[in-house]
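Structure data (PDB, C-alpha atoms, pLDDT in the B column) from upload.pdb:
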ATOM      1  CA  MET A   1      53.756 -53.700  52.332  1.00 40.00           C
ATOM      2  CA  ILE A   2      54.265 -57.445  52.619  1.00 40.00           C
ATOM      3  CA  PRO A   3      52.596 -59.807  50.131  1.00 42.00           C
ATOM      4  CA  GLY A   4      49.690 -61.664  51.709  1.00 41.00           C
ATOM      5  CA  ARG A   5      49.665 -59.443  54.836  1.00 39.00           C
ATOM      6  CA  THR A   6      46.718 -57.317  55.846  1.00 40.00           C
ATOM      7  CA  THR A   7      47.048 -53.896  57.387  1.00 43.00           C
ATOM      8  CA  GLY A   8      44.453 -51.969  59.372  1.00 42.00           C
ATOM      9  CA  ARG A   9      45.252 -48.688  57.606  1.00 45.00           C
ATOM     10  CA  ASN A  10      42.486 -47.091  55.618  1.00 44.00           C
ATOM     11  CA  LEU A  11      42.957 -45.692  52.154  1.00 44.00           C
ATOM     12  CA  ARG A  12      41.514 -42.201  52.027  1.00 46.00           C
ATOM     13  CA  GLY A  13      41.086 -39.626  49.325  1.00 44.00           C
ATOM     14  CA  SER A  14      39.476 -39.499  45.963  1.00 39.00           C
ATOM     15  CA  ARG A  15      42.209 -41.382  44.101  1.00 47.00           C
ATOM     16  CA  ARG A  16      41.739 -45.060  43.692  1.00 47.00           C
ATOM     17  CA  PRO A  17      44.887 -47.214  43.708  1.00 49.00           C
ATOM     18  CA  ARG A  18      45.443 -49.814  41.007  1.00 50.00           C
ATOM     19  CA  MET A  19      44.500 -53.202  42.381  1.00 46.00           C
ATOM     20  CA  ARG A  20      46.689 -56.276  42.141  1.00 45.00           C
ATOM     21  CA  GLN A  21      46.516 -59.728  43.698  1.00 43.00           C
ATOM     22  CA  GLY A  22      49.019 -60.436  46.478  1.00 40.00           C
ATOM     23  CA  TYR A  23      49.276 -57.011  48.112  1.00 38.00           C
ATOM     24  CA  GLU A  24      46.372 -56.673  50.479  1.00 40.00           C
ATOM     25  CA  CYS A  25      45.070 -53.951  52.713  1.00 42.00           C
ATOM     26  CA  LEU A  26      41.716 -52.982  54.156  1.00 43.00           C
ATOM     27  CA  ARG A  27      39.693 -50.201  52.656  1.00 44.00           C
ATOM     28  CA  ARG A  28      36.854 -48.598  54.528  1.00 45.00           C
ATOM     29  CA  ALA A  29      34.123 -47.545  52.114  1.00 48.00           C
ATOM     30  CA  SER A  30      30.889 -46.067  53.461  1.00 51.00           C
ATOM     31  CA  GLY A  31      31.445 -47.765  56.797  1.00 53.00           C
ATOM     32  CA  ASN A  32      32.044 -51.195  55.248  1.00 54.00           C
ATOM     33  CA  THR A  33      35.444 -52.824  55.281  1.00 54.00           C
ATOM     34  CA  MET A  34      36.424 -54.722  52.178  1.00 54.00           C
ATOM     35  CA  PRO A  35      39.711 -56.377  51.188  1.00 55.00           C
ATOM     36  CA  VAL A  36      41.543 -54.906  48.194  1.00 51.00           C
ATOM     37  CA  SER A  37      44.954 -55.319  46.641  1.00 54.00           C
ATOM     38  CA  ILE A  38      47.413 -52.591  45.708  1.00 55.00           C
ATOM     39  CA  ALA A  39      49.705 -52.799  42.687  1.00 55.00           C
ATOM     40  CA  LEU A  40      53.358 -51.993  43.005  1.00 57.00           C
ATOM     41  CA  ARG A  41      54.317 -49.104  40.734  1.00 58.00           C
ATOM     42  CA  ILE A  42      57.294 -50.905  39.204  1.00 60.00           C
ATOM     43  CA  ALA A  43      55.231 -54.034  38.429  1.00 62.00           C
ATOM     44  CA  THR A  44      52.614 -51.964  36.636  1.00 61.00           C
ATOM     45  CA  GLN A  45      55.291 -50.151  34.647  1.00 64.00           C
ATOM     46  CA  GLU A  46      57.079 -53.325  33.599  1.00 66.00           C
ATOM     47  CA  GLU A  47      54.086 -55.581  32.954  1.00 69.00           C
ATOM     48  CA  LEU A  48      51.727 -53.079  31.347  1.00 67.00           C
ATOM     49  CA  GLY A  49      54.205 -50.546  29.987  1.00 66.00           C
ATOM     50  CA  LEU A  50      52.417 -47.694  31.738  1.00 63.00           C
ATOM     51  CA  TYR A  51      54.249 -44.487  32.624  1.00 61.00           C
ATOM     52  CA  TRP A  52      53.640 -43.477  36.248  1.00 61.00           C
ATOM     53  CA  GLY A  53      55.849 -40.418  36.420  1.00 65.00           C
ATOM     54  CA  PHE A  54      59.508 -39.581  36.451  1.00 67.00           C
ATOM     55  CA  GLN A  55      61.975 -40.941  38.987  1.00 71.00           C
ATOM     56  CA  VAL A  56      64.327 -38.887  41.113  1.00 76.00           C
ATOM     57  CA  ARG A  57      67.569 -40.067  42.730  1.00 79.00           C
ATOM     58  CA  ILE A  58      70.473 -38.428  44.525  1.00 84.00           C
ATOM     59  CA  ALA A  59      73.968 -38.429  42.996  1.00 86.00           C
ATOM     60  CA  GLU A  60      77.242 -36.985  44.249  1.00 88.00           C
ATOM     61  CA  GLY A  61      77.733 -34.959  41.088  1.00 89.00           C
ATOM     62  CA  LEU A  62      76.633 -34.636  37.494  1.00 92.00           C
ATOM     63  CA  SER A  63      79.128 -37.227  36.248  1.00 93.00           C
ATOM     64  CA  LYS A  64      77.810 -39.746  38.808  1.00 93.00           C
ATOM     65  CA  ALA A  65      74.197 -38.954  37.870  1.00 91.00           C
ATOM     66  CA  ILE A  66      75.060 -39.935  34.308  1.00 92.00           C
ATOM     67  CA  SER A  67      77.442 -42.842  34.922  1.00 92.00           C
ATOM     68  CA  GLU A  68      75.543 -44.516  37.769  1.00 91.00           C
ATOM     69  CA  CYS A  69      72.442 -45.130  35.714  1.00 90.00           C
ATOM     70  CA  PRO A  70      70.186 -47.712  37.389  1.00 87.00           C
ATOM     71  CA  TRP A  71      69.472 -49.411  34.028  1.00 86.00           C
ATOM     72  CA  GLU A  72      71.783 -51.820  32.271  1.00 90.00           C
ATOM     73  CA  GLY A  73      73.316 -50.101  29.268  1.00 91.00           C
ATOM     74  CA  GLY A  74      73.002 -46.651  30.814  1.00 92.00           C
ATOM     75  CA  TYR A  75      71.129 -43.674  29.442  1.00 93.00           C
ATOM     76  CA  ASP A  76      70.828 -43.600  25.688  1.00 93.00           C
ATOM     77  CA  LEU A  77      69.495 -40.039  25.586  1.00 95.00           C
ATOM     78  CA  LEU A  78      70.932 -37.153  27.613  1.00 96.00           C
ATOM     79  CA  ILE A  79      69.027 -33.869  27.512  1.00 96.00           C
ATOM     80  CA  GLY A  80      70.531 -30.774  29.088  1.00 95.00           C
ATOM     81  CA  THR A  81      68.205 -27.831  29.713  1.00 93.00           C
ATOM     82  CA  SER A  82      69.689 -24.347  29.582  1.00 90.00           C
ATOM     83  CA  GLU A  83      68.752 -20.811  28.640  1.00 88.00           C
ATOM     84  CA  LYS A  84      71.861 -21.088  26.427  1.00 89.00           C
ATOM     85  CA  GLY A  85      70.507 -24.165  24.633  1.00 90.00           C
ATOM     86  CA  ASN A  86      71.281 -24.410  20.924  1.00 92.00           C
ATOM     87  CA  VAL A  87      67.822 -25.808  20.097  1.00 95.00           C
ATOM     88  CA  SER A  88      64.326 -25.143  21.394  1.00 94.00           C
ATOM     89  CA  CYS A  89      61.212 -27.292  21.686  1.00 91.00           C
ATOM     90  CA  GLU A  90      59.527 -24.541  19.724  1.00 92.00           C
ATOM     91  CA  ASP A  91      61.769 -25.017  16.667  1.00 94.00           C
ATOM     92  CA  ASP A  92      59.827 -26.466  13.725  1.00 94.00           C
ATOM     93  CA  ASP A  93      62.422 -29.193  13.179  1.00 94.00           C
ATOM     94  CA  PHE A  94      62.922 -30.124  16.872  1.00 95.00           C
ATOM     95  CA  SER A  95      62.721 -33.848  17.593  1.00 94.00           C
ATOM     96  CA  LEU A  96      64.235 -36.460  19.859  1.00 95.00           C
ATOM     97  CA  PRO A  97      65.694 -39.822  18.837  1.00 95.00           C
ATOM     98  CA  ALA A  98      64.153 -43.131  19.910  1.00 93.00           C
ATOM     99  CA  HIS A  99      65.530 -44.242  23.261  1.00 93.00           C
ATOM    100  CA  LYS A 100      64.935 -46.594  26.190  1.00 90.00           C
ATOM    101  CA  HIS A 101      66.194 -44.429  29.055  1.00 90.00           C
ATOM    102  CA  ALA A 102      66.424 -40.653  28.935  1.00 92.00           C
ATOM    103  CA  LEU A 103      67.998 -38.365  31.507  1.00 92.00           C
ATOM    104  CA  VAL A 104      66.845 -34.741  31.609  1.00 93.00           C
ATOM    105  CA  VAL A 105      69.300 -32.516  33.487  1.00 93.00           C
ATOM    106  CA  PHE A 106      68.342 -29.227  35.120  1.00 90.00           C
ATOM    107  CA  GLY A 107      70.808 -26.752  36.543  1.00 86.00           C
ATOM    108  CA  GLY A 108      70.402 -24.726  39.694  1.00 83.00           C
ATOM    109  CA  ILE A 109      70.428 -20.949  39.810  1.00 83.00           C
ATOM    110  CA  ASP A 110      73.863 -20.889  38.137  1.00 86.00           C
ATOM    111  CA  GLY A 111      72.855 -23.439  35.500  1.00 87.00           C
ATOM    112  CA  ILE A 112      74.304 -26.764  34.408  1.00 91.00           C
ATOM    113  CA  GLU A 113      77.523 -24.910  33.658  1.00 91.00           C
ATOM    114  CA  ALA A 114      78.214 -24.560  37.402  1.00 91.00           C
ATOM    115  CA  ALA A 115      77.571 -28.278  37.980  1.00 91.00           C
ATOM    116  CA  VAL A 116      80.038 -29.168  35.217  1.00 92.00           C
ATOM    117  CA  GLU A 117      82.601 -26.709  36.560  1.00 92.00           C
ATOM    118  CA  GLN A 118      82.415 -28.205  40.069  1.00 91.00           C
ATOM    119  CA  ASP A 119      82.701 -31.833  38.929  1.00 92.00           C
ATOM    120  CA  PRO A 120      86.376 -32.854  38.512  1.00 92.00           C
ATOM    121  CA  ASP A 121      85.350 -35.791  36.293  1.00 92.00           C
ATOM    122  CA  LEU A 122      83.906 -33.346  33.742  1.00 92.00           C
ATOM    123  CA  ASP A 123      86.867 -30.967  33.352  1.00 89.00           C
ATOM    124  CA  GLU A 124      87.024 -31.634  29.610  1.00 89.00           C
ATOM    125  CA  PHE A 125      83.504 -30.194  29.216  1.00 88.00           C
ATOM    126  CA  CYS A 126      84.117 -26.824  30.935  1.00 86.00           C
ATOM    127  CA  ASN A 127      82.937 -24.031  28.620  1.00 86.00           C
ATOM    128  CA  LYS A 128      81.509 -26.619  26.210  1.00 89.00           C
ATOM    129  CA  GLU A 129      78.814 -28.199  28.355  1.00 90.00           C
ATOM    130  CA  HIS A 130      76.598 -28.717  25.316  1.00 90.00           C
ATOM    131  CA  GLU A 131      78.965 -31.476  24.131  1.00 93.00           C
ATOM    132  CA  LEU A 132      78.061 -33.569  27.173  1.00 94.00           C
ATOM    133  CA  PHE A 133      74.454 -33.928  25.987  1.00 95.00           C
ATOM    134  CA  ASP A 134      72.662 -35.406  22.989  1.00 96.00           C
ATOM    135  CA  ARG A 135      70.349 -32.373  23.071  1.00 96.00           C
ATOM    136  CA  TRP A 136      71.156 -28.966  24.642  1.00 95.00           C
ATOM    137  CA  VAL A 137      67.649 -27.515  24.848  1.00 95.00           C
ATOM    138  CA  ASN A 138      66.261 -24.127  25.756  1.00 92.00           C
ATOM    139  CA  THR A 139      62.750 -25.059  26.871  1.00 91.00           C
ATOM    140  CA  CYS A 140      61.812 -21.452  27.751  1.00 87.00           C
ATOM    141  CA  PRO A 141      63.228 -19.286  24.947  1.00 86.00           C
ATOM    142  CA  SER A 142      61.010 -16.302  25.796  1.00 81.00           C
ATOM    143  CA  GLN A 143      61.286 -16.539  29.567  1.00 76.00           C
ATOM    144  CA  GLY A 144      61.430 -12.777  30.132  1.00 71.00           C
ATOM    145  CA  SER A 145      63.515 -13.005  33.316  1.00 73.00           C
ATOM    146  CA  ARG A 146      67.123 -13.788  34.115  1.00 73.00           C
ATOM    147  CA  THR A 147      66.332 -17.023  35.938  1.00 75.00           C
ATOM    148  CA  ILE A 148      63.502 -19.478  36.392  1.00 81.00           C
ATOM    149  CA  ARG A 149      63.209 -21.342  39.688  1.00 84.00           C
ATOM    150  CA  SER A 150      64.171 -25.013  39.420  1.00 84.00           C
ATOM    151  CA  GLU A 151      60.714 -26.249  40.429  1.00 87.00           C
ATOM    152  CA  GLU A 152      59.202 -24.105  37.674  1.00 88.00           C
ATOM    153  CA  ALA A 153      61.800 -25.184  35.111  1.00 88.00           C
ATOM    154  CA  ILE A 154      61.089 -28.860  35.813  1.00 89.00           C
ATOM    155  CA  LEU A 155      57.351 -28.488  35.246  1.00 90.00           C
ATOM    156  CA  ILE A 156      57.743 -26.302  32.155  1.00 90.00           C
ATOM    157  CA  SER A 157      60.441 -28.476  30.585  1.00 92.00           C
ATOM    158  CA  LEU A 158      58.788 -31.828  31.234  1.00 91.00           C
ATOM    159  CA  ALA A 159      55.501 -30.479  29.881  1.00 92.00           C
ATOM    160  CA  LYS A 160      57.205 -29.238  26.712  1.00 93.00           C
ATOM    161  CA  LEU A 161      59.326 -32.381  26.248  1.00 94.00           C
ATOM    162  CA  GLN A 162      56.557 -34.893  26.961  1.00 91.00           C
ATOM    163  CA  ASN A 163      55.099 -35.123  23.455  1.00 91.00           C
ATOM    164  CA  PHE A 164      58.551 -35.260  21.851  1.00 94.00           C
ATOM    165  CA  LEU A 165      59.598 -38.089  24.193  1.00 91.00           C
ATOM    166  CA  ARG A 166      56.381 -39.943  23.422  1.00 89.00           C
ATOM    167  CA  LYS A 167      56.700 -39.465  19.628  1.00 90.00           C
ATOM    168  CA  ALA A 168      60.321 -40.637  19.684  1.00 90.00           C
ATOM    169  CA  ASN A 169      59.234 -43.988  21.073  1.00 83.00           C
ATOM    170  CA  ALA A 170      55.874 -44.381  19.336  1.00 76.00           C
ATOM    171  CA  SER A 171      57.210 -47.042  16.972  1.00 61.00           C
ATOM    172  CA  SER A 172      59.309 -48.840  19.620  1.00 56.00           C
TER     173      SER A 172
END
Step by step, read the file and then write its structure as structure tokens.
Amino acid sequence: MIPGRTTGRNLRGSRRPRMRQGYECLRRASGNTMPVSIALRIATQEELGLYWGFQVRIAEGLSKAISECPWEGGYDLLIGTSEKGNVSCEDDDFSLPAHKHALVVFGGIDGIEAAVEQDPDLDEFCNKEHELFDRWVNTCPSQGSRTIRSEEAILISLAKLQNFLRKANASS
């Protein structure tokens, strides 16, 4: 969307976008057309400090996902999720350190171990993948099956990690 431009597209659905001056569109409400403004997600995050969800990007390998961090200074918290994790969110003493940018890594059906094994830049971490991460976490210690689908693991893990991530930065 171009600042100051108007589009003829209607906004539909029950969700109401955040409004912001400079990004205009037309909204049809009960047959009436009224001008509104839509906020850019990144502007709302930066100006108001609001969390609007996690971000996803494509990387050529695990080492690139870590090293090509889009933020200056890189990731200051790396969390690897694995059924072989040495800590669990359910442990009484589990916590996360304060951080600005966290990366949560999920493995495919063969786990993070396979991603490390296939990445030539991570040869030194083969068979000791846990050393690559600040936390090597088993988010589903009582999973009851050999594997959990990635889309399930993401939802389960982010739900379990959310409060710990929030608490770690409560004083920041």
Considering only C-alpha atoms, can you say which of A:Ser63, A:Asn169, A:Ser157, A:Ser145 comes closest to A:Glu90? A:Ser157
Just give me the gap between atom CA of A:Asp92 and atom CA of A:Ala159 in Å, one decimal is fine.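 Result for atom CA of A:Asp92 versus atom CA of A:Ala159: 17.2 Å, one decimal.
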Could you tell me how far atom CA of A:Ser95 sits from atom CA of A:Glu117, in Å to one decimal place?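 Here the two named atoms are 28.4 Å from each other.
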Explicit residues for the PyMOL selection byres ((chain A and resi 148-151) around 12) (as a list in words):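 When the PyMOL selection byres ((chain A and resi 148-151) around 12) is applied to the shown file, the picked residues are Thr81, Ser82, Glu83, Val105, Phe106, Gly107, Gly108, Ile109, Asp110, Gly111, Ile112, Asn138, Thr139, Cys140, Pro141, Ser142, Gln143, Gly144, Ser145, Arg146, Thr147, Glu152, Ala153, Ile154, Leu155, Ile156, Ser157 and Leu158 of chain A.
The shortest atom-to-atom distance to A:Glu129, with all atoms listed in the file taken into account, belongs to A:Lys84 out of A:His101, A:Lys64, A:Arg166, A:Lys84.
Once the PyMOL selection byres ((chain A and resi 130-135) around 9) is applied to this file, the selection holds Asp76, Leu77, Leu78, Ile79, Gly80, Thr81, Gly85, Asn86, Val87, Leu96, Leu122, Phe125, Asn127, Lys128, Glu129, Trp136 and Val137 of chain A.
Taking atom CA of A:Lys167 and atom CA of A:Ala65 as endpoints, the distance between them is 25.3 Å.
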Shell around A:Glu60 at 12 Å using only C-alpha atoms, local window under 2 positions removed, as a list in words: Arg57, Ile58, Leu62, Ser63, Lys64, Ala65, Ile66, Ser67, Glu68, Ala115, Gln118, Asp119, Pro120 and Asp121 of chain A
Between A:Cys126, A:Ala102, A:Ala114, A:Cys89, which one has atoms that come closest to A:Gly61, using all atoms listed in the file?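 Ranked by minimum distance to A:Gly61, first place goes to A:Ala114.
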